[in-house]
Structures are given as C-alpha cells and as structure tokens.
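Source file: upload_12.txt (compact mmCIF, C-alpha atoms and all ligand atoms)
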# COMPACT_ATOMS: atom_id res chain seq x y z
CA MET A 1496 -12.83 -3.74 19.45
CA THR A 1497 -12.56 -0.63 21.57
CA ARG A 1498 -11.88 1.76 18.69
CA SER A 1499 -11.33 5.28 19.98
CA ALA A 1500 -12.99 8.45 18.69
CA LEU A 1501 -9.66 9.37 17.07
CA THR A 1502 -9.82 6.34 14.75
CA THR A 1503 -13.58 6.53 14.08
CA PRO A 1504 -14.62 8.33 10.87
CA PRO A 1505 -16.65 11.49 11.53
CA PRO A 1506 -20.24 11.69 10.30
CA GLY A 1507 -20.28 12.40 6.58
CA ALA A 1508 -16.87 10.87 5.89
CA ALA A 1509 -16.47 9.61 2.34
CA GLY A 1510 -15.94 5.97 1.43
CA PRO A 1511 -12.60 4.48 0.41
CA ARG A 1512 -11.22 5.86 -2.82
CA PRO A 1513 -9.07 3.35 -4.71
CA ALA A 1514 -7.21 5.08 -7.54
CA SER A 1515 -7.59 4.28 -11.21
CA GLY A 1516 -4.58 2.18 -12.10
CA ALA A 1517 -4.48 0.57 -8.64
CA PRO A 1518 -4.51 -3.25 -8.55
CA GLY A 1519 -7.89 -4.79 -9.32
CA PRO A 1520 -9.61 -7.80 -7.74
CA GLY A 1521 -7.21 -10.72 -7.27
CA GLU A 1522 -4.08 -8.72 -8.07
CA PRO A 1523 -0.98 -8.36 -5.86
CA LEU A 1524 -0.05 -4.94 -4.52
CA GLY A 1525 3.71 -5.16 -4.61
CA SER A 1526 6.01 -3.36 -2.22
CA HIS A 1527 5.97 0.44 -1.86
CA TYR A 1528 9.69 0.38 -0.97
CA SER A 1529 12.18 -2.47 -1.41
CA ARG A 1530 13.82 -1.91 1.99
CA CYS A 1531 10.61 -1.42 3.98
CA PHE A 1532 10.72 -3.50 7.17
CA GLY A 1533 7.14 -4.68 6.54
CA CYS A 1534 7.06 -5.46 2.82
CA GLY A 1535 10.49 -4.88 1.28
CA ASP A 1536 11.95 -7.86 -0.54
CA ARG A 1537 15.46 -6.40 -0.11
CA HIS A 1538 15.12 -6.08 3.67
CA PRO A 1539 17.31 -8.80 5.21
CA THR A 1540 15.28 -9.36 8.39
CA GLY A 1541 11.90 -7.79 7.62
CA LEU A 1542 8.44 -9.34 7.64
CA HIS A 1543 8.36 -9.66 3.81
CA LEU A 1544 4.57 -9.30 3.68
CA LYS A 1545 3.02 -9.81 0.28
CA ALA A 1546 -0.50 -8.49 -0.12
CA VAL A 1547 -3.30 -9.17 -2.57
CA THR A 1548 -6.55 -7.27 -2.94
CA PRO A 1549 -9.47 -9.71 -3.29
CA ASP A 1550 -11.91 -7.00 -4.34
CA GLY A 1551 -10.01 -3.82 -5.18
CA GLU A 1552 -10.86 -2.26 -1.78
CA THR A 1553 -9.57 -4.55 0.95
CA VAL A 1554 -6.17 -6.18 1.27
CA VAL A 1555 -5.12 -9.60 2.58
CA ALA A 1556 -1.69 -10.96 3.47
CA GLU A 1557 -0.22 -13.84 5.47
CA PHE A 1558 2.37 -13.53 8.20
CA THR A 1559 4.00 -16.62 9.67
CA VAL A 1560 5.46 -15.92 13.11
CA ALA A 1561 9.11 -17.06 13.26
CA GLU A 1562 11.59 -17.46 16.12
CA ALA A 1563 13.00 -14.01 15.32
CA HIS A 1564 9.59 -12.52 16.22
CA GLN A 1565 9.36 -13.80 19.82
CA GLY A 1566 8.60 -11.73 22.90
CA ALA A 1567 8.03 -14.48 25.48
CA PRO A 1568 9.43 -17.96 24.77
CA GLY A 1569 7.53 -19.45 21.87
CA LEU A 1570 5.15 -16.49 21.54
CA ALA A 1571 5.00 -13.53 19.16
CA HIS A 1572 6.13 -10.12 20.38
CA GLY A 1573 3.23 -7.64 20.51
CA GLY A 1574 5.27 -4.93 18.81
CA VAL A 1575 5.99 -7.22 15.87
CA LEU A 1576 2.27 -7.97 15.56
CA ALA A 1577 1.52 -4.22 15.66
CA THR A 1578 4.07 -3.77 12.87
CA ALA A 1579 2.28 -6.37 10.76
CA MET A 1580 -1.04 -4.57 11.35
CA ASP A 1581 0.53 -1.18 10.49
CA GLU A 1582 1.95 -2.64 7.30
CA VAL A 1583 -1.20 -4.35 6.06
CA ILE A 1584 -3.17 -1.18 6.78
CA GLY A 1585 -0.51 0.84 4.93
CA MET A 1586 -0.81 -1.58 2.03
CA SER A 1587 -4.58 -1.11 1.92
CA ILE A 1588 -4.20 2.64 1.68
CA TRP A 1589 -1.60 2.17 -1.04
CA LEU A 1590 -4.64 1.27 -3.19
CA PHE A 1591 -5.38 5.02 -3.15
CA ARG A 1592 -1.98 5.60 -4.83
CA ARG A 1593 -1.45 8.67 -2.64
CA PRO A 1594 1.20 9.04 0.05
CA TYR A 1595 -0.05 8.54 3.60
CA VAL A 1596 1.70 7.98 6.94
CA THR A 1597 0.51 6.40 10.16
CA ALA A 1598 -0.55 9.07 12.65
CA ARG A 1599 -2.20 6.78 15.20
CA LEU A 1600 -2.33 2.99 15.57
CA GLU A 1601 -4.52 1.24 18.17
CA THR A 1602 -4.03 -2.49 18.70
CA ASP A 1603 -6.06 -5.06 20.65
CA TYR A 1604 -4.41 -8.40 21.47
CA LEU A 1605 -7.09 -11.03 21.91
CA ALA A 1606 -5.10 -14.27 21.99
CA PRO A 1607 -1.43 -15.30 22.26
CA VAL A 1608 0.16 -16.17 18.93
CA PRO A 1609 2.65 -19.08 19.06
CA VAL A 1610 5.76 -19.23 16.88
CA GLY A 1611 4.90 -21.12 13.70
CA THR A 1612 1.39 -19.67 13.51
CA THR A 1613 0.30 -18.18 10.21
CA LEU A 1614 -1.76 -15.08 10.79
CA HIS A 1615 -4.22 -14.23 8.05
CA LEU A 1616 -4.24 -10.44 7.89
CA ARG A 1617 -6.96 -8.30 6.37
CA ALA A 1618 -7.24 -4.50 6.23
CA TRP A 1619 -9.89 -2.11 4.98
CA CYS A 1620 -10.77 1.58 4.98
CA THR A 1621 -13.79 2.77 6.96
CA GLY A 1622 -13.80 6.38 5.74
CA VAL A 1623 -11.90 9.37 4.43
CA SER A 1624 -12.25 12.95 5.66
CA GLY A 1625 -9.95 15.56 4.15
CA ARG A 1626 -6.36 14.38 4.63
CA LYS A 1627 -7.43 11.79 7.22
CA ALA A 1628 -8.13 8.16 6.38
CA TYR A 1629 -9.63 5.74 8.91
CA LEU A 1630 -8.69 2.09 8.63
CA GLU A 1631 -9.06 -1.21 10.44
CA ALA A 1632 -7.32 -4.58 10.31
CA GLU A 1633 -7.50 -8.01 11.86
CA GLY A 1634 -5.22 -11.02 12.13
CA ARG A 1635 -6.83 -14.46 12.29
CA ILE A 1636 -5.07 -17.63 13.39
CA GLY A 1637 -4.56 -20.40 10.84
CA SER A 1638 -7.13 -19.41 8.21
CA ALA A 1639 -9.15 -16.49 6.89
CA ASP A 1640 -12.06 -17.48 9.16
CA GLY A 1641 -9.95 -18.62 12.14
CA PRO A 1642 -10.12 -17.01 15.58
CA VAL A 1643 -9.13 -13.35 15.73
CA ALA A 1644 -5.83 -12.85 17.60
CA VAL A 1645 -5.18 -9.17 16.83
CA ARG A 1646 -7.33 -6.23 15.82
CA ALA A 1647 -6.21 -2.72 14.95
CA ALA A 1648 -7.69 0.65 14.10
CA ALA A 1649 -5.65 3.44 12.61
CA LEU A 1650 -5.65 7.03 11.50
CA PHE A 1651 -3.44 7.69 8.47
CA VAL A 1652 -2.76 11.24 7.27
CA GLU A 1653 -2.10 12.12 3.66
CA VAL A 1654 1.20 13.88 3.05
CA GLY A 1655 2.96 15.11 -0.08
CA MET A 1656 5.83 13.12 -1.49
CA GLU A 1657 7.87 16.05 -0.15
CA HIS A 1658 7.34 14.58 3.31
CA PHE A 1659 9.61 11.66 2.42
CA ALA A 1660 12.10 13.81 0.52
CA GLU A 1661 12.41 16.38 3.30
CA HIS A 1662 12.59 14.01 6.23
CA GLY A 1663 14.10 10.93 4.60
CA ASP A 1664 16.35 9.90 1.74
CA ALA A 1665 15.25 11.91 -1.31
CA GLN A 1666 17.53 10.13 -3.79
CA THR A 1667 16.24 6.67 -2.90
CA LEU A 1668 12.70 8.01 -3.15
CA LEU A 1669 13.38 9.22 -6.70
CA ASP A 1670 15.12 5.95 -7.60
CA GLU A 1671 12.12 3.86 -6.58
CA HIS A 1672 9.26 6.23 -7.44
CA HIS A 1673 9.95 7.63 -10.90
CA ASP A 1674 6.23 8.27 -11.26
CA TYR A 1675 6.27 11.00 -8.61
CA GLU A 1676 7.79 14.42 -8.88
CA VAL A 1677 9.34 15.84 -5.75
CA ASN A 1678 9.76 19.59 -5.62
CA PRO A 1679 13.38 20.57 -4.94
C1 LIG B 1701 10.85 5.20 -1.25
C2 LIG B 1701 9.98 5.86 -0.29
C3 LIG B 1701 8.63 5.54 0.09
C4 LIG B 1701 7.64 6.25 -0.63
C5 LIG B 1701 6.36 6.07 -0.03
C6 LIG B 1701 5.30 6.23 -0.98
C7 LIG B 1701 4.01 6.44 -0.35
C8 LIG B 1701 3.57 5.28 0.48
C9 LIG B 1701 2.15 5.47 0.86
C10 LIG B 1701 1.49 4.50 1.43
C11 LIG B 1701 2.15 3.25 1.85
C12 LIG B 1701 2.38 3.26 3.32
C13 LIG B 1701 2.87 1.97 3.81
C14 LIG B 1701 3.66 2.20 5.03
C15 LIG B 1701 3.23 1.34 6.19
C16 LIG B 1701 3.84 1.81 7.44
C17 LIG B 1701 3.40 3.22 7.72
C18 LIG B 1701 4.37 3.93 8.59
O1 LIG B 1701 5.03 3.34 9.38
S1 LIG B 1701 4.53 5.64 8.39
C19 LIG B 1701 5.83 6.05 9.55
C20 LIG B 1701 5.31 6.39 10.91
N1 LIG B 1701 4.58 7.65 10.90
C21 LIG B 1701 5.20 8.83 10.84
O2 LIG B 1701 6.40 8.93 10.78
C22 LIG B 1701 4.33 10.05 10.90
C23 LIG B 1701 4.95 11.12 11.78
N2 LIG B 1701 4.00 12.24 11.94
C24 LIG B 1701 3.96 13.24 11.06
O3 LIG B 1701 4.73 13.30 10.11
C25 LIG B 1701 2.89 14.28 11.28
O4 LIG B 1701 2.50 14.31 12.62
C26 LIG B 1701 1.63 14.05 10.38
C27 LIG B 1701 2.02 14.09 8.89
C28 LIG B 1701 0.94 12.73 10.70
C29 LIG B 1701 0.62 15.17 10.65
O5 LIG B 1701 1.28 16.40 10.65
P1 LIG B 1701 0.80 17.66 9.75
O6 LIG B 1701 1.56 18.84 10.25
O7 LIG B 1701 0.93 17.33 8.30
O8 LIG B 1701 -0.76 17.82 10.00
P2 LIG B 1701 -1.57 18.05 11.36
O9 LIG B 1701 -2.38 19.28 11.19
O10 LIG B 1701 -0.72 17.92 12.56
O11 LIG B 1701 -2.56 16.78 11.33
C30 LIG B 1701 -3.55 16.64 10.31
C31 LIG B 1701 -4.82 16.18 10.96
O12 LIG B 1701 -4.57 14.89 11.57
C32 LIG B 1701 -4.80 14.93 12.99
N3 LIG B 1701 -3.80 14.12 13.66
C33 LIG B 1701 -2.47 14.11 13.43
N4 LIG B 1701 -1.86 13.23 14.23
C34 LIG B 1701 -2.83 12.67 14.97
C35 LIG B 1701 -2.82 11.65 15.98
N5 LIG B 1701 -1.69 11.04 16.36
N6 LIG B 1701 -4.00 11.30 16.54
C36 LIG B 1701 -5.15 11.90 16.14
N7 LIG B 1701 -5.22 12.88 15.19
C37 LIG B 1701 -4.07 13.23 14.63
C38 LIG B 1701 -4.68 16.42 13.37
O13 LIG B 1701 -5.40 16.70 14.54
C39 LIG B 1701 -5.26 17.09 12.14
O14 LIG B 1701 -6.66 16.98 12.22
P3 LIG B 1701 -7.60 18.20 11.73
O15 LIG B 1701 -7.29 18.41 10.27
O16 LIG B 1701 -7.22 19.39 12.57
O17 LIG B 1701 -9.00 17.72 11.96
Turn the structure described in the file into structure tokens.
Ligand SMILES: CCCCCCCC/C=C\CCCCCCCC(=O)SCCNC(=O)CCNC(=O)[C@H](O)C(C)(C)COP(=O)(O)OP(=O)(O)OC[C@H]1O[C@@H](n2cnc3c(N)ncnc32)[C@H](O)[C@@H]1OP(=O)(O)O
Amino acid sequence: MTRSALTTPPPGAAGPRPASGAPGPGEPLGSHYSRCFGCGDRHPTGLHLKAVTPDGETVVAEFTVAEAHQGAPGLAHGGVLATAMDEVIGMSIWLFRRPYVTARLETDYLAPVPVGTTLHLRAWCTGVSGRKAYLEAEGRIGSADGPVAVRAAALFVEVGMEHFAEHGDAQTLLDEHHDYEVNP
C-alpha cells in the first residue's frame, strides 16, 4: 500500500487506546448511530455493517456487494467500497469510546469486486498522536484470508461531542447518546 506521510504515525506515536467499558474480544460493537449510512439499522438503503472485535483492538465486518452498489455493470462502485472502509475504520476507533471524525481517507483498489461478493473487512489502529489517530483497513474477497481487493489508510481527528451538536442535529445526538453531555 502506498500510504502517504499524512496517514503514517509520527515517530513516538502511542499505541491504540481502547477504552475501559469498550467491547472485549469476541463482542459486537453495535452501531454508533441508528441512521448512519454505514452501520445504522434504521437506514433504509445503507450498508448495515455489523462489526465484531476479535481481540479488543481490531475490528472485523462483512460486506456483501449488492446490485444497489454497482458502478460498472456487475461491479462494485469504488465510492461505495471507500464508504465501507471509512465505516469499518470508524468502528475500530469507536473502541476508544471518544468522538473522532475522518479527516483523510486514502484508498487503493487492487482488484474488481463483482456483485454478490462478500468482502471481509478488517480495521486497526497504527498509532495515536495528540488528537490524531492513524488507522488502516483491508477488504478481502470471499474469506478472511482471501485476496485483498481494497486497502485504506486514514487519519481521524478527535473532536468534542460539541462538533456533532454544533454542526449537526443536537437533539438526535442527545436522544441516542445519553451517556454524553453536550455543552449548550
Ligand atoms: C448521533 C450522533 C453521532 C455521534 C457520534 C459519536 C461519536 C462517533 C465516534 C466514532 C465513530 C465514527 C464512525 C463514523 C464513520 C464515518 C466517519 C465519517 O464519515 S466522519 C464525517 C466526515 N468527516 C468530517 O466531516 C470532518 C470534517 N472536518 C472537520 O470537521 C475538521 O477539518 C477537523 C475536525 C477534521 C479538523 O479541524 P480542527 O479545526 O478541529 O483541527 P485542525 O487543527 O484543523 O486539525 C487537527 C490536526 O489534524 C490535521 N489535519 C486535519 N485535517 C487533515 C487532513 N485532511 N489531512 C492531514 N492532516 C489533517 C491538522 O493539520 C492538525 O494537525 P496538527 O495538530 O497541526 O499536527
């Protein structure tokens, strides 16, 4: 993968920092927002990704490419695949139980992905430096050790919950995240 300097942890970056209370090995992560396009179970046309952490630090999920996800006839759209990578990376940082957003997402497409393919997604954190978290993901065709079709590297930046309240829908945020306080 041609990961850029912007998605490479600087020397001295800390390791991943899963939060106490985050899902442990073998447990599902759940959705961070019911109407999220990537993971929301109340989104009518979303990807409906469901992730599990095998070890408390990495995250795995499966994504079966459907007709609604085509770019060329019979093949997955690259933007949809990037969305799946963004989501599984976002799910892996959700293990930190702190609010982060995608600042930069780099995606390499290594093989076409036909409709009907199940991509086995995996994401992990390569380092944390201040508010910046560095993460990578891959999507393998057919099984967890199948050929790699997509790779991604990302920079996520930690924000306060105020980010979502100020720029988005504060009431829905409160409805779904009672455990966070948002300053008025
Ligand atoms: C019910 C509600 C839901 C609740 C949610 C709960 C929490 C969930 C948590 C986790 C689950 C996540 C699951 C989601 C999965 C999908 C994720 C998405 O799709 S997120 C949407 C798309 N992304 C955006 O909309 C960001 C838009 N951008 C921004 O808001 C800002 O640009 C932001 C916050 C990224 C940075 O702005 P600044 O003003 O706070 O900070 P500055 O100083 O600019 O940047 C901080 C550092 O990062 C670097 N940086 C920022 N952007 C960069 C970039 N694009 N490339 C490289 N470096 C960048 C800067 O150079 C700076 O570095 P130096 O500290 O100086 O070393």
Which residues, written as an NGL selection string, have at least one atom at most 10 Å from range 1578-1582 of chain A, with all atoms listed in the file counted and residues fewer than 5 positions away on the same chain left out?
:A and (1531-1534 or 1542-1544 or 1546 or 1556-1558 or 1573 or 1587-1588 or 1596-1597 or 1599-1602 or 1614 or 1616-1618 or 1630-1634 or 1645-1649 or 1651)
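For ligand LIG 1701 (chain B), the protein and nucleic acid residues at most 7 Å away, judged by only C-alpha atoms and all ligand atoms, amount to Leu1501, His1527, Tyr1528, Asp1581, Glu1582, Ile1584, Gly1585, Met1586, Ile1588, Trp1589, Arg1593, Pro1594, Tyr1595, Val1596, Thr1597, Ala1598, Arg1599, Arg1626, Lys1627, Leu1650, Val1652, Glu1653, Val1654, Met1656, Phe1659, Thr1667, Leu1668, Glu1671 and His1672 of chain A.
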One decimal, Å: what's the distance from CA of Asp1664 in chain A over to CA of Tyr1629 in chain A, could you say?
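Between CA of Asp1664 in chain A and CA of Tyr1629 in chain A the gap works out to 27.3 Å.
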Using all atoms listed in the file, which of A:Val1554, A:Leu1590, A:Val1610, A:Leu1605 sits nearest Gly1516 in chain A?
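Counting all atoms listed in the file, the residue closest to Gly1516 in chain A is A:Leu1590.
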Which one of A:Gly1625, A:Ala1571, A:Asp1640, A:Cys1620 sits closest to Gly1510 in chain A if you count only C-alpha atoms?
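Answer, going by the shortest atom-to-atom distance: A:Cys1620.
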CA of Ala1577 in chain A sits from CA of Gly1525 in chain A at a separation of 20.4 Å
So which residues touch Pro1513 in chain A within 7 Å, counting all atoms listed in the file, skipping near sequence neighbours fewer than 3 positions away, as a ChimeraX atom specification?
/A:1517,1552,1590-1591
Same residues, C-alpha atoms, output as a compact mmCIF listing (two decimals), in the coordinates of the input:
# COMPACT_ATOMS: atom_id res chain seq x y z
CA ALA A 1517 -4.48 0.57 -8.64
CA GLU A 1552 -10.86 -2.26 -1.78
CA LEU A 1590 -4.64 1.27 -3.19
CA PHE A 1591 -5.38 5.02 -3.15
How many Å separate CA of Pro1518 in chain A from CA of Val1547 in chain A?
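Separation between CA of Pro1518 in chain A and CA of Val1547 in chain A: 8.5 Å.
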